[in-house]
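J.: What follows is the file coords10.cif, containing mmCIF, C-alpha atoms:
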```
data_structure
loop_
_atom_site.label_atom_id
_atom_site.label_comp_id
_atom_site.auth_asym_id
_atom_site.auth_seq_id
_atom_site.Cartn_x
_atom_site.Cartn_y
_atom_site.Cartn_z
CA MET A 1 19.78 -5.01 -15.03
CA SER A 2 19.61 -6.42 -11.53
CA HIS A 3 16.06 -7.09 -10.30
CA THR A 4 14.88 -6.62 -6.72
CA PHE A 5 11.45 -7.87 -5.66
CA ARG A 6 9.62 -7.59 -2.36
CA PHE A 7 6.74 -9.20 -0.54
CA ALA A 8 5.24 -6.81 2.00
CA PRO A 9 2.59 -8.28 4.35
CA SER A 10 0.92 -6.49 7.25
CA PRO A 11 1.13 -8.42 10.55
CA ASN A 12 -2.51 -7.87 11.51
CA GLY A 13 -3.51 -11.47 10.91
CA GLU A 14 -2.26 -14.75 9.48
CA LEU A 15 -1.42 -15.39 5.84
CA HIS A 16 -3.96 -16.97 3.49
CA LEU A 17 -3.72 -18.52 0.04
CA GLY A 18 -3.82 -15.13 -1.66
CA HIS A 19 -0.73 -14.05 0.25
CA ALA A 20 0.96 -17.36 -0.57
CA TYR A 21 0.36 -16.80 -4.28
CA SER A 22 1.86 -13.32 -4.24
CA ALA A 23 4.83 -14.33 -2.09
CA LEU A 24 5.60 -17.39 -4.21
CA LEU A 25 5.26 -15.41 -7.44
CA ASN A 26 7.73 -12.81 -6.18
CA GLY A 27 10.10 -15.58 -5.14
CA ASP A 28 9.82 -17.33 -8.50
CA LEU A 29 10.47 -14.13 -10.44
CA ALA A 30 13.47 -13.28 -8.27
CA ARG A 31 14.94 -16.71 -8.87
CA GLU A 32 14.21 -16.68 -12.62
CA THR A 33 15.88 -13.29 -13.08
CA GLY A 34 18.79 -13.99 -10.76
CA GLY A 35 17.48 -11.15 -8.60
CA ARG A 36 16.90 -10.43 -4.93
CA LEU A 37 13.84 -11.09 -2.78
CA LEU A 38 13.15 -8.84 0.21
CA ILE A 39 10.48 -9.16 2.89
CA ARG A 40 9.05 -5.93 4.30
CA ILE A 41 6.74 -5.87 7.30
CA GLU A 42 4.17 -3.11 6.77
CA ASP A 43 3.24 -2.40 10.37
CA ILE A 44 2.52 1.32 10.46
CA ASP A 45 -0.86 0.51 12.06
CA VAL A 46 0.66 -0.07 15.48
CA THR A 47 -2.74 -0.70 17.10
CA ARG A 48 -3.62 -3.71 14.91
CA CYS A 49 -0.20 -5.15 14.05
CA ARG A 50 1.23 -7.66 16.52
CA PRO A 51 4.62 -9.36 16.83
CA GLU A 52 3.06 -12.82 17.06
CA PHE A 53 1.49 -12.33 13.65
CA GLU A 54 4.85 -11.22 12.23
CA ALA A 55 6.50 -14.33 13.65
CA ALA A 56 3.79 -16.55 12.15
CA ILE A 57 4.10 -14.82 8.76
CA LEU A 58 7.85 -15.32 8.59
CA ASP A 59 7.45 -18.95 9.69
CA ASP A 60 4.85 -19.56 6.96
CA LEU A 61 7.06 -17.97 4.30
CA ALA A 62 10.02 -20.12 5.32
CA TRP A 63 7.78 -23.21 5.29
CA LEU A 64 6.73 -22.36 1.73
CA GLY A 65 10.41 -22.55 0.76
CA LEU A 66 11.06 -18.85 0.25
CA ASP A 67 14.53 -17.48 0.87
CA TRP A 68 14.94 -13.75 1.38
CA GLU A 69 17.65 -11.30 2.31
CA ARG A 70 18.08 -10.21 5.91
CA PRO A 71 17.40 -8.07 7.80
CA VAL A 72 13.66 -7.69 7.31
CA ARG A 73 12.56 -4.04 7.09
CA ARG A 74 9.84 -3.05 9.55
CA GLN A 75 8.04 0.17 8.70
CA SER A 76 7.41 0.96 12.37
CA GLU A 77 11.18 1.42 12.77
CA HIS A 78 11.40 4.07 10.03
CA PHE A 79 8.81 6.74 10.84
CA ASP A 80 11.58 9.33 10.60
CA ALA A 81 12.06 8.58 6.88
CA TYR A 82 8.34 9.03 6.21
CA ALA A 83 8.19 12.21 8.30
CA GLU A 84 11.03 13.62 6.20
CA ALA A 85 9.10 12.88 2.98
CA LEU A 86 5.98 14.46 4.48
CA GLY A 87 8.04 17.52 5.36
CA ARG A 88 9.11 17.86 1.73
CA LEU A 89 5.47 17.80 0.61
CA LYS A 90 4.63 20.42 3.24
CA ALA A 91 7.49 22.62 2.02
CA MET A 92 5.98 22.47 -1.48
CA ASP A 93 2.57 23.48 -0.03
CA LEU A 94 1.04 20.29 -1.42
CA VAL A 95 -0.64 19.00 1.75
CA TYR A 96 -3.11 20.39 4.26
CA PRO A 97 -4.51 19.27 7.61
CA SER A 98 -8.09 18.00 7.33
CA PHE A 99 -10.33 17.93 10.38
CA LEU A 100 -13.67 16.50 9.26
CA SER A 101 -14.74 13.43 11.22
CA ARG A 102 -16.00 10.29 9.50
CA ALA A 103 -19.55 11.25 10.43
CA GLU A 104 -19.08 14.72 8.96
CA ILE A 105 -17.64 13.25 5.77
CA ARG A 106 -20.60 10.87 5.47
CA ALA A 107 -23.06 13.74 5.93
CA ALA A 108 -21.30 15.95 3.38
CA THR A 109 -21.08 13.20 0.76
CA ALA A 110 -24.48 11.56 1.24
CA SER A 111 -25.69 12.38 -2.26
CA PRO A 112 -25.78 9.31 -4.54
CA ASP A 113 -24.13 11.47 -7.19
CA TRP A 114 -21.14 12.31 -5.03
CA PRO A 115 -17.92 11.18 -6.79
CA ARG A 116 -16.16 8.14 -5.39
CA ASP A 117 -12.62 6.81 -5.55
CA PRO A 118 -11.67 3.49 -7.19
CA ASP A 119 -12.29 1.67 -3.89
CA GLY A 120 -15.81 3.09 -3.70
CA ALA A 121 -15.23 5.61 -0.90
CA PRO A 122 -16.57 9.15 -1.39
CA LEU A 123 -14.00 11.77 -2.30
CA TYR A 124 -13.10 14.09 0.54
CA PRO A 125 -15.31 17.21 0.41
CA GLY A 126 -12.40 19.49 1.30
CA GLY A 127 -14.34 22.11 3.24
CA ASP A 128 -11.35 22.75 5.50
CA ARG A 129 -8.75 22.83 2.74
CA ASP A 130 -8.58 26.62 2.68
CA LEU A 131 -8.52 27.25 6.43
CA PRO A 132 -6.19 30.10 7.35
CA ALA A 133 -2.87 28.71 8.58
CA ARG A 134 -3.37 30.32 11.99
CA GLU A 135 -6.71 28.56 12.49
CA ALA A 136 -5.38 25.21 11.27
CA ASP A 137 -2.36 25.50 13.59
CA ALA A 138 -4.64 26.38 16.52
CA ARG A 139 -6.77 23.29 15.91
CA ILE A 140 -3.69 21.08 15.76
CA ALA A 141 -2.33 22.65 18.95
CA SER A 142 -5.66 21.99 20.69
CA GLY A 143 -5.23 18.25 20.13
CA ALA A 144 -8.00 17.90 17.56
CA PRO A 145 -7.82 14.78 15.36
CA TYR A 146 -6.62 15.47 11.83
CA ALA A 147 -5.09 13.90 8.75
CA TRP A 148 -2.66 15.36 6.24
CA ARG A 149 -4.20 15.22 2.76
CA LEU A 150 -2.63 15.81 -0.61
CA LYS A 151 -3.83 18.84 -2.55
CA MET A 152 -4.49 16.64 -5.52
CA ASP A 153 -5.04 19.30 -8.18
CA ALA A 154 -1.91 21.23 -7.17
CA ALA A 155 0.15 18.04 -6.95
CA MET A 156 -0.96 16.90 -10.40
CA ALA A 157 -0.21 20.32 -11.87
CA LYS A 158 3.32 20.21 -10.42
CA ALA A 159 4.04 16.65 -11.54
CA GLY A 160 2.51 16.86 -15.01
CA PRO A 161 1.22 13.84 -16.98
CA LEU A 162 2.33 10.48 -15.56
CA ALA A 163 2.27 6.84 -16.61
CA PHE A 164 3.61 3.52 -15.32
CA ALA A 165 4.89 0.29 -16.85
CA GLU A 166 2.38 -2.50 -16.27
CA GLN A 167 3.90 -5.92 -16.97
CA GLY A 168 0.87 -7.80 -15.73
CA ARG A 169 -2.75 -6.76 -16.07
CA GLY A 170 -5.09 -4.43 -14.26
CA PRO A 171 -8.72 -5.29 -13.39
CA GLU A 172 -9.89 -4.24 -16.87
CA GLY A 173 -6.98 -5.84 -18.70
CA GLU A 174 -4.77 -2.74 -18.61
CA THR A 175 -1.20 -3.53 -19.63
CA GLY A 176 1.86 -1.90 -21.18
CA ARG A 177 2.41 1.81 -20.59
CA VAL A 178 -0.65 2.86 -18.57
CA THR A 179 -1.69 6.46 -17.99
CA ALA A 180 -1.77 7.30 -14.29
CA GLU A 181 -5.01 8.83 -13.01
CA PRO A 182 -4.32 9.96 -9.44
CA GLY A 183 -7.12 12.52 -9.62
CA ARG A 184 -9.63 9.69 -9.23
CA TRP A 185 -8.60 9.49 -5.57
CA GLY A 186 -9.26 13.13 -4.70
CA ASP A 187 -7.37 14.65 -1.76
CA VAL A 188 -5.99 11.34 -0.53
CA VAL A 189 -4.68 10.89 3.03
CA ILE A 190 -0.87 11.06 3.19
CA ALA A 191 -0.35 10.96 6.97
CA ARG A 192 -2.29 11.17 10.22
CA LYS A 193 -1.95 12.93 13.55
CA GLU A 194 -0.79 9.82 15.38
CA ILE A 195 1.20 8.27 12.50
CA PRO A 196 3.39 10.48 10.27
CA THR A 197 2.66 8.43 7.17
CA SER A 198 0.11 6.34 5.27
CA TYR A 199 0.26 3.25 3.11
CA HIS A 200 0.74 5.39 0.02
CA LEU A 201 3.60 7.45 1.41
CA SER A 202 5.47 4.68 3.20
CA VAL A 203 5.34 2.26 0.28
CA VAL A 204 6.94 4.66 -2.20
CA VAL A 205 9.60 5.75 0.31
CA ASP A 206 10.42 2.13 1.16
CA ASP A 207 10.50 0.97 -2.45
CA ALA A 208 13.02 3.72 -3.22
CA LEU A 209 15.18 3.16 -0.13
CA GLN A 210 15.25 -0.61 -0.71
CA GLY A 211 16.02 -0.32 -4.40
CA ILE A 212 12.89 -2.19 -5.48
CA THR A 213 12.87 -2.52 -9.27
CA ASP A 214 9.79 -4.73 -9.66
CA VAL A 215 6.58 -4.34 -7.66
CA VAL A 216 4.54 -7.53 -7.96
CA ARG A 217 1.21 -7.39 -6.12
CA GLY A 218 -2.52 -8.05 -6.41
CA GLU A 219 -4.71 -6.26 -8.93
CA ASP A 220 -6.67 -4.71 -6.05
CA LEU A 221 -3.76 -2.26 -5.76
CA PHE A 222 -3.65 -1.42 -9.48
CA HIS A 223 -5.45 1.92 -9.15
CA ALA A 224 -3.38 2.91 -6.11
CA THR A 225 -0.36 2.82 -8.42
CA SER A 226 -1.49 6.15 -9.86
CA VAL A 227 -1.10 7.77 -6.44
CA HIS A 228 2.27 6.09 -6.01
CA ARG A 229 3.53 7.39 -9.34
CA LEU A 230 2.43 10.89 -8.35
CA LEU A 231 4.31 10.73 -5.05
CA GLN A 232 7.38 9.30 -6.77
CA ALA A 233 7.38 12.22 -9.19
CA LEU A 234 6.90 14.82 -6.44
CA LEU A 235 9.62 13.34 -4.23
CA ASP A 236 12.08 12.58 -7.06
CA LEU A 237 11.95 8.84 -6.38
CA PRO A 238 12.71 6.17 -9.00
CA GLU A 239 9.88 4.47 -10.90
CA PRO A 240 9.78 0.68 -10.55
CA ALA A 241 8.06 -1.63 -13.02
CA TYR A 242 4.69 -2.96 -11.87
CA ARG A 243 3.13 -6.38 -12.31
CA HIS A 244 -0.37 -6.74 -10.92
CA HIS A 245 -1.71 -10.26 -10.71
CA GLY A 246 -5.16 -11.76 -10.35
CA LEU A 247 -6.55 -12.49 -6.90
CA ILE A 248 -7.25 -15.84 -5.31
CA ARG A 249 -10.97 -15.78 -4.50
CA ASP A 250 -13.33 -17.86 -2.41
CA ALA A 251 -16.16 -19.99 -3.76
CA ALA A 252 -18.43 -16.93 -3.86
CA GLY A 253 -15.91 -14.95 -5.91
CA ARG A 254 -14.87 -12.70 -3.03
CA LYS A 255 -11.29 -11.60 -2.40
CA LEU A 256 -9.80 -13.60 0.45
CA SER A 257 -9.42 -11.91 3.82
CA LYS A 258 -7.39 -12.78 6.89
CA SER A 259 -10.62 -13.68 8.68
CA GLU A 260 -11.33 -16.42 6.14
CA GLY A 261 -10.02 -19.33 8.17
CA SER A 262 -10.61 -22.02 5.56
CA THR A 263 -7.93 -20.53 3.32
CA GLY A 264 -5.44 -19.67 6.07
CA LEU A 265 -2.01 -21.20 5.58
CA ARG A 266 -1.78 -22.17 9.23
CA VAL A 267 -5.06 -24.10 9.00
CA LEU A 268 -3.96 -25.84 5.82
CA ARG A 269 -0.57 -26.67 7.31
CA ASP A 270 -2.17 -28.11 10.43
CA ALA A 271 -4.41 -30.23 8.19
CA GLY A 272 -1.32 -31.77 6.59
CA ALA A 273 -0.92 -29.71 3.41
CA THR A 274 2.57 -29.59 1.92
CA PRO A 275 4.26 -26.59 0.28
CA ALA A 276 3.90 -28.35 -3.08
CA GLU A 277 0.17 -28.71 -2.52
CA ILE A 278 -0.11 -25.01 -1.68
CA ARG A 279 1.64 -24.22 -4.97
CA ALA A 280 -0.85 -26.40 -6.80
CA LEU A 281 -3.80 -24.77 -5.02
CA VAL A 282 -2.75 -21.29 -6.18
CA GLY A 283 -1.81 -22.42 -9.69
CA LEU A 284 1.99 -22.13 -9.55
#
```
Before anything else, please render the file you have as structure tokens.
T.:
Amino acid sequence: MSHTFRFAPSPNGELHLGHAYSALLNGDLARETGGRLLIRIEDIDVTRCRPEFEAAILDDLAWLGLDWERPVRRQSEHFDAYAEALGRLKAMDLVYPSFLSRAEIRAATASPDWPRDPDGAPLYPGGDRDLPAREADARIASGAPYAWRLKMDAAMAKAGPLAFAEQGRGPEGETGRVTAEPGRWGDVVIARKEIPTSYHLSVVVDDALQGITDVVRGEDLFHATSVHRLLQALLDLPEPAYRHHGLIRDAAGRKLSKSEGSTGLRVLRDAGATPAEIRALVGL
């Protein structure tokens, strides 16, 4: 079996040590298996993503010694592919336009007992899920903000029980064949008014179109895999193998962020660090 790996950063900031670990791990696994390494620029957030960050990311990856196939895929150039997938979900009556604002969601979910998703956000209350089509269409036509959300219960009923192959470990040590639990996310956002996609939708479409066989990424995305497996099943997309890895954390045990300058690759490079030293810092 031929293996295809990918590293998929968002160009909304510079790379840090956590990104370096994931990128290097993907590169190592591609080399060890005689497989392919692809770089994908996940820039659907056109307001925060900037070309100078993309240029810096690609420069850092080359400096680390990574070699990847060209051309690089940029998600912002493929909104038509995501819109087509969204259209298929609409045709199955598995999505609906939601209109509640963030303030309205906060007010409706203020109870401490309100269920929350794996990231800690309250599940969408769904008060507008059953709006008559005519009213929903009128709101959209008026220019009101909205997001397309998955009808989670209907989607799960259509897909049936799901699982995924975990070759690494989840946050609680999950490994092997893991049962997918997309219902924990509630009616998750699939697309928005201004962007015909979301992270969840674009990542499964891209992985299928690029022939990704092995998804290697941080354990903070382990639970999102359940949503991805659901979308793959609904859209008849292939199931890759997953390998979630531990995160590089700061001295306080927090996940690194792009605002954490002390762990930024550019800062470390400017201070004289070598690619070999970066490998040592992340334990590779």
J.: Report the distance between CA of Val216 in chain A and CA of Ala81 in chain A in Å, rounded to one decimal place.
T.: 23.2 Å
J.: Which of these residues is nearest to Asp187 in chain A, using all atoms listed in the file: A:Pro240, A:Gly160, A:Pro122, A:Gly264?
T.: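 Ranked by minimum distance to Asp187 in chain A, first place goes to A:Pro122.
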J.: Hey, which of A:Ala85, A:Leu37, A:Leu66, A:Ala141 ends up closest to Leu24 in chain A? Count only C-alpha atoms.
T.: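 Looking only at the distances to Leu24 in chain A, the closest residue turns out to be A:Leu66.
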J.: So the first atom is CA of Ile190 in chain A and the second is CA of Gly13 in chain A; what is the distance between them in Å, to one decimal place?
T.: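 Answer for the CA of Ile190 in chain A to CA of Gly13 in chain A separation: 24.0 Å.
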J.: Kindly resolve the PyMOL selection byres ((chain A and resi 100-115) around 12) on the present coordinates and return the residues as number ranges by chain.
T.: A: 97-99, 116-129, 139, 144-149, 183-186
J.: In terms of the shortest atom-to-atom distance over only C-alpha atoms, which of A:Pro51, A:Gly170, A:Pro238, A:Gly272 is closest to His223 in chain A?
T.: A:Gly170
J.: One decimal, in Å: what's the spacing between CA of Arg243 in chain A and CA of Glu84 in chain A?
T.: 28.4 Å
J.: So, with all atoms listed in the file as the atoms that count, which of A:Gln167, A:Thr213, A:Ser226, A:Ser202 lies closest to Ala30 in chain A?
T.: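 When distances to Ala30 in chain A are compared using all atoms listed in the file, the smallest one comes from A:Thr213.
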J.: Can you turn the PyMOL selection byres ((chain A and resi 60) around 12) into a concrete residue list for this file, as a PyMOL selection string?
T.: chain A and resi 9+14-17+19-20+23-24+53-59+61-67+264-270+274-275+278
J.: Run the PyMOL selection byres ((chain A and resi 237) around 9) against the file shown and list the residues it catches, as a compact mmCIF listing (two decimals) with C-alpha atoms, keeping the file's coordinate frame.
T.:
```txt
# COMPACT_ATOMS: atom_id res chain seq x y z
CA VAL A 204 6.94 4.66 -2.20
CA VAL A 205 9.60 5.75 0.31
CA ASP A 207 10.50 0.97 -2.45
CA ALA A 208 13.02 3.72 -3.22
CA LEU A 231 4.31 10.73 -5.05
CA GLN A 232 7.38 9.30 -6.77
CA ALA A 233 7.38 12.22 -9.19
CA LEU A 234 6.90 14.82 -6.44
CA LEU A 235 9.62 13.34 -4.23
CA ASP A 236 12.08 12.58 -7.06
CA PRO A 238 12.71 6.17 -9.00
CA GLU A 239 9.88 4.47 -10.90
```
J.: Applying 9 Å and all atoms listed in the file, which residues near Ile212 in chain A remain after dropping the ones on its own chain fewer than 6 positions away? List them as a list in words.
T.: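 In the requested format, the answer is His3, Thr4, Phe5, Arg6, Leu38, Asp206, Pro240 and Ala241 of chain A.
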J.: Could you write out that same residue set with C-alpha atoms as a tab-separated table (two decimals), keeping the file's coordinate frame?
T.:
```
chain	number	residue	atom	x	y	z
A	3	HIS	CA	16.06	-7.09	-10.30
A	4	THR	CA	14.88	-6.62	-6.72
A	5	PHE	CA	11.45	-7.87	-5.66
A	6	ARG	CA	9.62	-7.59	-2.36
A	38	LEU	CA	13.15	-8.84	0.21
A	206	ASP	CA	10.42	2.13	1.16
A	240	PRO	CA	9.78	0.68	-10.55
A	241	ALA	CA	8.06	-1.63	-13.02
```
J.: Using all atoms listed in the file for the distances, tell me which of A:His200, A:His78, A:Lys90, A:Arg73 is nearest to Ala155 in chain A.
T.: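 Answer, going by the shortest atom-to-atom distance: A:Lys90.
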J.: Return the single residue from A:Val282, A:Ala271, A:Ile248, A:Ala83 that is closest to Ser198 in chain A, with distances computed using only C-alpha atoms.
T.: A:Ala83
J.: If we count all atoms listed in the file, what is near Pro182 in chain A at a cut-off of 8 Å, once residues fewer than 4 positions away on the same chain are taken out, given as a ChimeraX atom specification?
T.: /A:152,156,186,224,226-227,230
